[in-house]
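Scroll down for the structure; my scribbles are underneath it.
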Amino acid sequence: MQALKKTPLHARHLELQARMAPFAGYDMPISYDSTSGGMMKEHLAVRKDVGIFDVSHMGEFWVRGKDATAYLTKTCTRPFENLIHFKAQYCLLLKDDGTIVDDIIVYKFDSENYWVVVNASNIDKDFAHMKSLSSGFQVTLEDVSEKTALIAIQGPRAVEIMKDIFPQALELKYYAFYQPKNGWIVGRTGYTGEDGFEVFLPVEEAMNFWMQLEKKGGLPIGLGARDTLRLEVGFPLYGHELSDQLRPMETFSAFATNLNSSFVGVEKARLAPRYKAVAVQSQTPKPMRADESLFWNGKRVGWLTSGSTSPVKKVGIGLALIDLSQINVPLETGFIFMLESGGKQREAVLTATPFVTTARVQGAKKSLKKTA
Amino acid sequence: MASEAKSGKSTKEPGMKVPEHLLYTKNHEWARIEDGTAVIGITDYAQNALGDITYVELPEEGDSYVAGKVFGTVDSLKTVAELFAPVSGEVLEVNGKLPNNAEHVNEDPYGEGWMVKIELSDEKELEQLLPSAEYLKLISKKK
C-alpha cells in the first residue's frame with residue numbers, strides 16, 4: 001500500500017490530537033474531539049461562530065491558453081463565455097455517455113486563465129479526462145495539487161477574522177475571488193452553507209496562515225463535521241449523490257447543467273432521467289445512513305446516498321435516489337417513504353433542501369436578484 | 001455535570017474513566033449492582049469511541065433478556081453499536097430521558113446516561129463480569 005500523504009498542516013492536526021483517518025490518499029483530521037468536544041460541537045461552531053478547515057487534499061489545475069474558454073465550455077456542463085472575470089462557477093465534467101466524472105469549481109481570471117478545483121479522490125482521473133479532451137485546443141493543463149494548500153474559513157464570524165488579514169476579501173460577492181498576493185487566491189466560496197472564504201495558497205505558507213486564523217478565534221473543524229454541514233444544506237458529494245453511474249439531471253447538480261450548451265456528454269444528459277434525487281427527513285434523531293433502503297407500498301423504490309442526524313434540527317436527514325421505474329406517483333414534499341434498518345421501519349418524509357436555512361442558502365435568491 | 005466533564009479532561013485521558021464500584025463487560029457495558037438489580041449503561045471508553053451520540057433505542061419495561069443478547073442500539077453521528085445485556089432478567093425501568101437527550105451518554109455515561117435497570121434472574125452471572133481493574137487493563141491494551 002502506498003504511504004498516506006500529508007497536508008502541510010498535518011503536524012498541527014497531531015498537536016491538536018485530532019482523530020485522523022485516511023481520506024483520498026491523505027491522512028486527514030476527522031474531528032478534533034479533545035479540543036472541540038466532538039463533531040457536533042464543531043458543526044454548531046460553524047453555524048454560529050467560525051470554523052477553519054484544512055482541505056489541502058483537494059486538487060487544483062491551471063487551464064491556460066488562447067482557447068481556454070472554448071475548451072472549458074466543451075468540457076464543463078456550463079458555458080464560460082459570459083462568466084465575468086474573477087468569478088467562479090460550479091459545474092460538472094461528463095463522459096460521452098452523459099455520466100458524471102466529477103463536480104468542480106472553475107475560477108475565471110480572464111478568458112485565457114482559469115483555476116480548476118476538483119475532488120481529492122478524483123485528481124488523477126479528472127486530469128486524464130480533461131487532458132484527453134484538450135487536443136485541437138490551444139490550451140495547457142497543469143496539475144498543481146501537490147504545491148497548493150487550501151484552507152476554508154466558514155461561519156457567520158468568518159468576515160471578522162478575515163478583516164484584519166485580507167480586508168479586501170470582505171468586498172467579494174458570493175463566488176467572486178481575488179488574488180491578494182502571488183500564489184494566493186481568496187474566494188467567497190465554501191461547502192457549509194455559511195458565509196465564508198476559501199483560501200488557496202502555497203504549501204510553504206499554509207502553517208503560518210492557519211496559526212494566524214487559530215489565534216483570531218477560528219476553531220479547527222474536521223472532515224466529519226464538514227460532511228454533516230454540507231448534508232444539512234443539501235450539497236451533493238461525489239461518490240455519494242454524484243457518480244459515474246448517474247447523469248446530471250438525476251442529481252442535485254441538475255441546476256449546474258445547461259442542456260442548451262454544447263459540452264461532451266450533452267446528448268445523453270438530455271435523456272429522460274432514470275432516477276430522482278430527493279431529500280428526506282425523519283421524526284426522531286436516529287441518524288439516517290447511506291445505503292439504507294426506501295420503501296413505498298412494501299416495495300423497495302430507492303436508497304439513501306448520504307445520511308446523518310441534523311445537528312441543528314435534531315432529526316434524521318438523508319439524501320436519496322428514487323428509481324423511477326419502481327414508482328409512478330408524483331413525488332412531492334410530504335410524500336412518505338418507509339426506511340428500514342435493523343429490522344425496524346420508520347417514516348422518511350420527502351423534504352425540500354436545505355434542511356436548515358443559513359446565511360448562504362437562504363440568501364442565494366436575494367443576492368442573485370441584486371447582482372442580476 | 002458539565003463542570004465535572006471539564007475538570008475531568010485535564011486529569012484523565014478521554015474515554016478512560018473506569019469507576020471502581022462497577023462491573024464491566026468486554027462489549028463495554030457497565031453494571032451497577034444494588035438489591036438484586038443491575039443498572040446498566042455503556043462505559044466512558046465506549047461513548048468516547050462512538051463519538052457524538054444522537055439516538056438510543058431501548059427495550060420496554062417488562063421485556064426480558066438473556067445475558068449476551070442485544071437489548072438496544074446506540075447511534076452516533078459516525079456509527080451504530082448494539083447493546084448487549086450483561087445479565088439475564090426482566091427490565092424494571094428504562095431511562096425515559098435518553099430518547100430526547102442522547103447526549104447524556106456522552107456527557108455522563110455512568111450517571112445520567114444510564115440505560116436500563118434489570119432484575120437479576122441469576123446472581124451467579126455476575127461472576128462472568130469484569131471487575132474495574134480487569135476492564136481497565138482490557139481498554140488500556142487497545143490504546
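Residue numbers start at 1 in each chain; chains themselves are named A, B, ... in the order of the C-alpha cells; ligands are numbered from 1 in the order shown.
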Exercise for the section: Identify all chain A residues at most 10 Å from chain B by counting only C-alpha atoms; ligands do not count. Present them as a ChimeraX atom specification. Expected result: /A:31,33-35,37-41,224-225,228,284-289,307-311,314-316,342
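The list of residues with at least one atom within 12 Å of Lys124 of chain B, based on only C-alpha atoms and without residues fewer than 6 positions apart in the same chain, reads Gly36, Ala67, Val87 and Ser88 of chain B.
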Handout entry: Nearest residue to Leu92 of chain B from the set B:Ser132, B:Thr37, B:Ser140, B:Asn106 (distances using only C-alpha atoms)
Key =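 For Leu92 of chain B, the nearest of the candidates is B:Thr37.
When only C-alpha atoms are used to compute distances to Gly113 of chain B, the closest of the residues B:Leu23, B:Ile139, B:Ile40, B:Val18 turns out to be B:Ile40.
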Exercise for the section: Could you please write out, as a PyMOL selection string, every residue of chain B that DSSP assigns to alpha helix (DSSP H)? Expected result: chain B and resi 2-11+44-50+103-107+132-142
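By chain and then residue number, the residues within 12 Å of segment 127-129 of chain B are B:Leu22, B:Leu23, B:Tyr24, B:Thr25, B:Lys26, B:Asn27, B:His28, B:Glu29, B:Trp30, B:Ala31, B:Arg32, B:Ile33, B:Ala38, B:Ala67, B:Gly68, B:Ala85, B:Pro86, B:Val87, B:Ser88, B:Asp122, B:Glu123, B:Lys124, B:Ser132, B:Ala133, B:Glu134, B:Tyr135, counting only C-alpha atoms and disregarding those fewer than 3 positions away in sequence.
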Just the selected residues (N, CA and C atoms), exported as an mmCIF file, in the first residue's frame, please.
```cif
data_model
loop_
_atom_site.group_PDB
_atom_site.id
_atom_site.type_symbol
_atom_site.label_atom_id
_atom_site.label_comp_id
_atom_site.auth_asym_id
_atom_site.auth_seq_id
_atom_site.Cartn_x
_atom_site.Cartn_y
_atom_site.Cartn_z
ATOM 1 N N LEU B 22 -18.127 -0.482 39.863
ATOM 2 C CA LEU B 22 -18.990 -1.081 38.836
ATOM 3 C C LEU B 22 -18.376 -2.367 38.293
ATOM 4 N N LEU B 23 -19.228 -3.165 37.625
ATOM 5 C CA LEU B 23 -18.761 -4.342 36.898
ATOM 6 C C LEU B 23 -18.882 -4.058 35.401
ATOM 7 N N TYR B 24 -18.090 -4.782 34.609
ATOM 8 C CA TYR B 24 -17.986 -4.437 33.188
ATOM 9 C C TYR B 24 -18.075 -5.664 32.287
ATOM 10 N N THR B 25 -18.399 -5.425 31.006
ATOM 11 C CA THR B 25 -18.338 -6.497 30.004
ATOM 12 C C THR B 25 -17.261 -6.163 28.985
ATOM 13 N N LYS B 26 -16.878 -7.198 28.220
ATOM 14 C CA LYS B 26 -15.902 -6.965 27.152
ATOM 15 C C LYS B 26 -16.497 -6.105 26.047
ATOM 16 N N ASN B 27 -17.831 -6.047 26.002
ATOM 17 C CA ASN B 27 -18.506 -5.222 24.987
ATOM 18 C C ASN B 27 -18.683 -3.779 25.443
ATOM 19 N N HIS B 28 -18.086 -3.439 26.583
ATOM 20 C CA HIS B 28 -18.062 -2.055 27.066
ATOM 21 C C HIS B 28 -19.381 -1.577 27.663
ATOM 22 N N GLU B 29 -20.153 -2.530 28.242
ATOM 23 C CA GLU B 29 -21.267 -2.113 29.086
ATOM 24 C C GLU B 29 -20.783 -2.143 30.533
ATOM 25 N N TRP B 30 -21.435 -1.332 31.382
ATOM 26 C CA TRP B 30 -21.176 -1.422 32.812
ATOM 27 C C TRP B 30 -22.465 -1.822 33.531
ATOM 28 N N ALA B 31 -22.321 -2.372 34.739
ATOM 29 C CA ALA B 31 -23.483 -2.727 35.559
ATOM 30 C C ALA B 31 -23.222 -2.315 37.002
ATOM 31 N N ARG B 32 -24.217 -1.635 37.563
ATOM 32 C CA ARG B 32 -24.128 -1.286 38.994
ATOM 33 C C ARG B 32 -25.133 -2.161 39.731
ATOM 34 N N ILE B 33 -24.615 -2.965 40.634
ATOM 35 C CA ILE B 33 -25.473 -3.942 41.312
ATOM 36 C C ILE B 33 -26.010 -3.355 42.613
ATOM 37 N N ALA B 38 -29.612 -4.738 38.470
ATOM 38 C CA ALA B 38 -28.421 -4.176 37.817
ATOM 39 C C ALA B 38 -28.847 -2.975 36.992
ATOM 40 N N ALA B 67 -28.523 -12.881 29.185
ATOM 41 C CA ALA B 67 -27.195 -12.271 29.142
ATOM 42 C C ALA B 67 -26.561 -12.494 27.775
ATOM 43 N N GLY B 68 -25.986 -11.427 27.211
ATOM 44 C CA GLY B 68 -25.318 -11.528 25.919
ATOM 45 C C GLY B 68 -26.217 -11.197 24.755
ATOM 46 N N ALA B 85 -26.927 -7.281 26.734
ATOM 47 C CA ALA B 85 -27.302 -7.375 28.144
ATOM 48 C C ALA B 85 -26.185 -8.062 28.934
ATOM 49 N N PRO B 86 -25.649 -7.403 29.959
ATOM 50 C CA PRO B 86 -24.585 -8.018 30.760
ATOM 51 C C PRO B 86 -25.111 -9.172 31.617
ATOM 52 N N VAL B 87 -26.395 -9.093 31.967
ATOM 53 C CA VAL B 87 -27.014 -10.106 32.834
ATOM 54 C C VAL B 87 -28.402 -10.448 32.301
ATOM 55 N N SER B 88 -28.940 -11.603 32.757
ATOM 56 C CA SER B 88 -30.288 -12.002 32.355
ATOM 57 C C SER B 88 -31.310 -11.442 33.332
ATOM 58 N N ASP B 122 -30.300 -14.374 37.859
ATOM 59 C CA ASP B 122 -29.301 -15.353 38.296
ATOM 60 C C ASP B 122 -28.037 -14.614 38.744
ATOM 61 N N GLU B 123 -27.886 -14.457 40.060
ATOM 62 C CA GLU B 123 -26.767 -13.656 40.572
ATOM 63 C C GLU B 123 -25.409 -14.264 40.233
ATOM 64 N N LYS B 124 -25.410 -15.560 39.915
ATOM 65 C CA LYS B 124 -24.141 -16.205 39.572
ATOM 66 C C LYS B 124 -23.518 -15.613 38.316
ATOM 67 N N SER B 132 -13.313 -3.679 37.805
ATOM 68 C CA SER B 132 -12.789 -2.470 37.144
ATOM 69 C C SER B 132 -11.331 -2.619 36.706
ATOM 70 N N ALA B 133 -10.516 -3.250 37.551
ATOM 71 C CA ALA B 133 -9.091 -3.348 37.214
ATOM 72 C C ALA B 133 -8.887 -4.132 35.923
ATOM 73 N N GLU B 134 -9.677 -5.209 35.779
ATOM 74 C CA GLU B 134 -9.524 -6.028 34.574
ATOM 75 C C GLU B 134 -10.023 -5.296 33.343
ATOM 76 N N TYR B 135 -11.128 -4.566 33.521
ATOM 77 C CA TYR B 135 -11.661 -3.806 32.379
ATOM 78 C C TYR B 135 -10.674 -2.721 31.952
#
```
Exercise for the section: Considering only C-alpha atoms, return as a PyMOL selection string whatever protein or nucleic-acid residues lie within 10 Å of Ala206 of chain A, sequence-local ones (same chain, fewer than 2 positions apart) excluded. Expected result: chain A and resi 7-9+54+56+148-151+199-204+208-212
Write the residues you've just listed into a file as a tab-separated table (two decimals), in the first residue's frame, and include N, CA, C and O atoms for each of them.
```tsv
chain	number	residue	atom	x	y	z
A	7	THR	N	-0.91	16.72	4.47
A	7	THR	CA	-1.07	18.12	4.08
A	7	THR	C	-0.02	18.93	4.85
A	7	THR	O	0.56	18.44	5.83
A	8	PRO	N	0.22	20.18	4.45
A	8	PRO	CA	1.23	20.98	5.17
A	8	PRO	C	0.83	21.28	6.62
A	8	PRO	O	1.66	21.76	7.39
A	9	LEU	N	-0.41	20.98	6.99
A	9	LEU	CA	-0.87	21.26	8.36
A	9	LEU	C	-0.92	20.00	9.22
A	9	LEU	O	-1.39	20.03	10.35
A	54	ASP	N	-8.82	22.44	7.12
A	54	ASP	CA	-7.72	22.10	6.22
A	54	ASP	C	-8.27	21.19	5.13
A	54	ASP	O	-8.59	20.03	5.39
A	56	SER	N	-6.61	20.85	2.16
A	56	SER	CA	-5.49	20.87	1.22
A	56	SER	C	-5.41	19.62	0.36
A	56	SER	O	-4.65	19.59	-0.61
A	148	THR	N	-0.22	23.11	-3.66
A	148	THR	CA	-1.25	24.05	-3.24
A	148	THR	C	-1.96	23.58	-1.98
A	148	THR	O	-2.44	22.45	-1.92
A	149	ALA	N	-2.02	24.46	-1.00
A	149	ALA	CA	-2.82	24.19	0.21
A	149	ALA	C	-4.17	24.90	0.05
A	149	ALA	O	-4.29	25.85	-0.73
A	150	LEU	N	-5.18	24.41	0.78
A	150	LEU	CA	-6.49	25.07	0.75
A	150	LEU	C	-7.05	25.09	2.17
A	150	LEU	O	-7.14	24.05	2.83
A	151	ILE	N	-7.36	26.29	2.62
A	151	ILE	CA	-7.93	26.47	3.95
A	151	ILE	C	-9.26	27.19	3.80
A	151	ILE	O	-9.34	28.23	3.15
A	199	VAL	N	-9.31	29.82	0.85
A	199	VAL	CA	-8.02	30.46	0.53
A	199	VAL	C	-7.05	29.40	0.00
A	199	VAL	O	-6.70	28.46	0.71
A	200	PHE	N	-6.67	29.54	-1.26
A	200	PHE	CA	-5.64	28.70	-1.86
A	200	PHE	C	-4.31	29.40	-1.67
A	200	PHE	O	-4.23	30.62	-1.88
A	201	LEU	N	-3.29	28.63	-1.28
A	201	LEU	CA	-2.00	29.26	-1.02
A	201	LEU	C	-0.88	28.24	-1.16
A	201	LEU	O	-1.14	27.04	-1.12
A	202	PRO	N	0.36	28.72	-1.34
A	202	PRO	CA	1.47	27.77	-1.46
A	202	PRO	C	1.62	26.96	-0.17
A	202	PRO	O	1.45	27.51	0.92
A	203	VAL	N	1.93	25.67	-0.31
A	203	VAL	CA	2.01	24.80	0.88
A	203	VAL	C	2.97	25.36	1.94
A	203	VAL	O	2.70	25.24	3.13
A	204	GLU	N	4.06	26.01	1.50
A	204	GLU	CA	5.07	26.50	2.47
A	204	GLU	C	4.49	27.59	3.38
A	204	GLU	O	5.01	27.82	4.47
A	208	ASN	N	1.73	29.12	8.69
A	208	ASN	CA	1.65	30.48	9.25
A	208	ASN	C	0.24	31.03	9.20
A	208	ASN	O	-0.26	31.60	10.18
A	209	PHE	N	-0.38	30.88	8.05
A	209	PHE	CA	-1.73	31.42	7.86
A	209	PHE	C	-2.71	30.72	8.79
A	209	PHE	O	-3.55	31.35	9.45
A	210	TRP	N	-2.61	29.39	8.89
A	210	TRP	CA	-3.50	28.61	9.76
A	210	TRP	C	-3.39	29.08	11.21
A	210	TRP	O	-4.39	29.28	11.90
A	211	MET	N	-2.13	29.28	11.68
A	211	MET	CA	-1.92	29.68	13.07
A	211	MET	C	-2.49	31.08	13.32
A	211	MET	O	-3.03	31.37	14.38
A	212	GLN	N	-2.39	31.93	12.29
A	212	GLN	CA	-2.97	33.26	12.37
A	212	GLN	C	-4.49	33.15	12.57
A	212	GLN	O	-5.08	33.84	13.41
```
Problem - Contacts of segment 87-102 of chain A at 8 Å (only C-alpha atoms; same-chain gap of 3+ positions) as a PyMOL selection string - result: chain A and resi 75-78+83-84+105-109+118-119+122+125-126+175-177+238+242-248+253+256-257+264-269
Would you mind exporting the chosen residues as a CSV table (one decimal), in the first residue's frame, restricted to C-alpha atoms?
```csv
chain,number,residue,atom,x,y,z
A,75,THR,CA,-15.5,20.2,-21.1
A,76,CYS,CA,-18.0,21.5,-18.5
A,77,THR,CA,-21.8,21.5,-18.1
A,78,ARG,CA,-22.0,25.3,-18.2
A,83,LEU,CA,-18.8,34.5,-17.0
A,84,ILE,CA,-17.3,37.7,-15.7
A,105,ILE,CA,-15.4,24.7,-9.4
A,106,VAL,CA,-13.8,26.8,-12.1
A,107,TYR,CA,-12.4,30.2,-11.3
A,108,LYS,CA,-12.1,32.6,-14.3
A,109,PHE,CA,-9.2,35.1,-14.1
A,118,VAL,CA,-11.5,19.1,-8.2
A,119,ASN,CA,-12.3,16.5,-5.6
A,122,ASN,CA,-10.7,12.3,-8.5
A,125,LYS,CA,-9.0,10.7,-13.1
A,126,ASP,CA,-10.1,14.3,-13.8
A,175,TYR,CA,-18.5,33.1,-5.8
A,176,ALA,CA,-16.2,36.1,-6.5
A,177,PHE,CA,-12.5,35.9,-5.8
A,238,TYR,CA,-19.1,13.0,-5.3
A,242,LEU,CA,-22.9,12.1,-7.7
A,243,SER,CA,-21.1,9.2,-9.5
A,244,ASP,CA,-20.2,7.7,-12.8
A,245,GLN,CA,-23.4,5.7,-12.7
A,246,LEU,CA,-25.6,8.9,-12.8
A,247,ARG,CA,-26.4,11.6,-15.3
A,248,PRO,CA,-26.7,15.3,-14.2
A,253,SER,CA,-26.4,19.1,-9.5
A,256,ALA,CA,-25.4,23.3,-12.8
A,257,THR,CA,-26.1,21.7,-16.2
A,264,VAL,CA,-19.1,16.5,-24.0
A,265,GLY,CA,-22.0,14.2,-22.9
A,266,VAL,CA,-24.8,16.7,-23.5
A,267,GLU,CA,-26.8,14.5,-25.9
A,268,LYS,CA,-27.0,11.7,-23.3
A,269,ALA,CA,-27.5,14.2,-20.5
```
Handout entry: Residues of segment 281-348 of chain A in strand (DSSP E or B), written as a PyMOL selection string
Key = chain A and resi 281+293-296+299-309+316-323+336-341+344-348
Problem - Atomic separation - atom CA of Lys299 of chain A relative to atom CA of Leu319 of chain A, Å - result: 18.8 Å
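Across the structure, atom CA of Pro180 of chain A and atom CA of Pro167 of chain A are spaced 9.7 Å apart.
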Handout entry: Met20 of chain A environment, 8 Å, only C-alpha atoms, sequence neighbours closer than 3 positions dropped, as a PyMOL selection string
Key = chain A and resi 27-31
Hey, can you spit out that residue selection with all heavy atoms as a PDB file, in the first residue's frame?
```pdb
ATOM      1  N   ASP A  27      -3.727  11.509   5.062  1.00  0.00           N
ATOM      2  CA  ASP A  27      -4.037  11.308   6.474  1.00  0.00           C
ATOM      3  C   ASP A  27      -4.712  12.594   6.960  1.00  0.00           C
ATOM      4  O   ASP A  27      -4.044  13.615   7.129  1.00  0.00           O
ATOM      5  CB  ASP A  27      -2.738  11.034   7.247  1.00  0.00           C
ATOM      6  CG  ASP A  27      -3.011  10.574   8.671  1.00  0.00           C
ATOM      7  OD1 ASP A  27      -4.030   9.895   8.890  1.00  0.00           O
ATOM      8  OD2 ASP A  27      -2.184  10.880   9.561  1.00  0.00           O
ATOM      9  N   MET A  28      -6.029  12.544   7.122  1.00  0.00           N
ATOM     10  CA  MET A  28      -6.791  13.780   7.357  1.00  0.00           C
ATOM     11  C   MET A  28      -7.456  13.807   8.741  1.00  0.00           C
ATOM     12  O   MET A  28      -7.803  12.769   9.293  1.00  0.00           O
ATOM     13  CB  MET A  28      -7.888  13.910   6.290  1.00  0.00           C
ATOM     14  CG  MET A  28      -7.379  14.064   4.873  1.00  0.00           C
ATOM     15  SD  MET A  28      -6.393  15.567   4.591  1.00  0.00           S
ATOM     16  CE  MET A  28      -7.649  16.849   4.649  1.00  0.00           C
ATOM     17  N   PRO A  29      -7.669  15.013   9.291  1.00  0.00           N
ATOM     18  CA  PRO A  29      -8.363  15.121  10.582  1.00  0.00           C
ATOM     19  C   PRO A  29      -9.873  14.917  10.404  1.00  0.00           C
ATOM     20  O   PRO A  29     -10.491  15.591   9.581  1.00  0.00           O
ATOM     21  CB  PRO A  29      -8.066  16.573  11.010  1.00  0.00           C
ATOM     22  CG  PRO A  29      -7.821  17.309   9.729  1.00  0.00           C
ATOM     23  CD  PRO A  29      -7.244  16.309   8.759  1.00  0.00           C
ATOM     24  N   ILE A  30     -10.443  13.977  11.133  1.00  0.00           N
ATOM     25  CA  ILE A  30     -11.884  13.736  11.072  1.00  0.00           C
ATOM     26  C   ILE A  30     -12.597  14.626  12.094  1.00  0.00           C
ATOM     27  O   ILE A  30     -13.636  15.205  11.827  1.00  0.00           O
ATOM     28  CB  ILE A  30     -12.205  12.242  11.340  1.00  0.00           C
ATOM     29  CG1 ILE A  30     -11.489  11.364  10.307  1.00  0.00           C
ATOM     30  CG2 ILE A  30     -13.708  11.992  11.318  1.00  0.00           C
ATOM     31  CD1 ILE A  30     -11.762  11.698   8.853  1.00  0.00           C
ATOM     32  N   SER A  31     -12.027  14.705  13.297  1.00  0.00           N
ATOM     33  CA  SER A  31     -12.541  15.669  14.281  1.00  0.00           C
ATOM     34  C   SER A  31     -11.450  15.952  15.303  1.00  0.00           C
ATOM     35  O   SER A  31     -10.487  15.201  15.414  1.00  0.00           O
ATOM     36  CB  SER A  31     -13.800  15.144  14.961  1.00  0.00           C
ATOM     37  OG  SER A  31     -13.477  14.065  15.793  1.00  0.00           O
TER      38      SER A  31
END
```
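With only C-alpha atoms as the atoms that count, the minimum distance from Lys66 of chain A to the choices A:Gly25, A:Gly222, A:Gly318, A:Gly136 is reached by A:Gly136.
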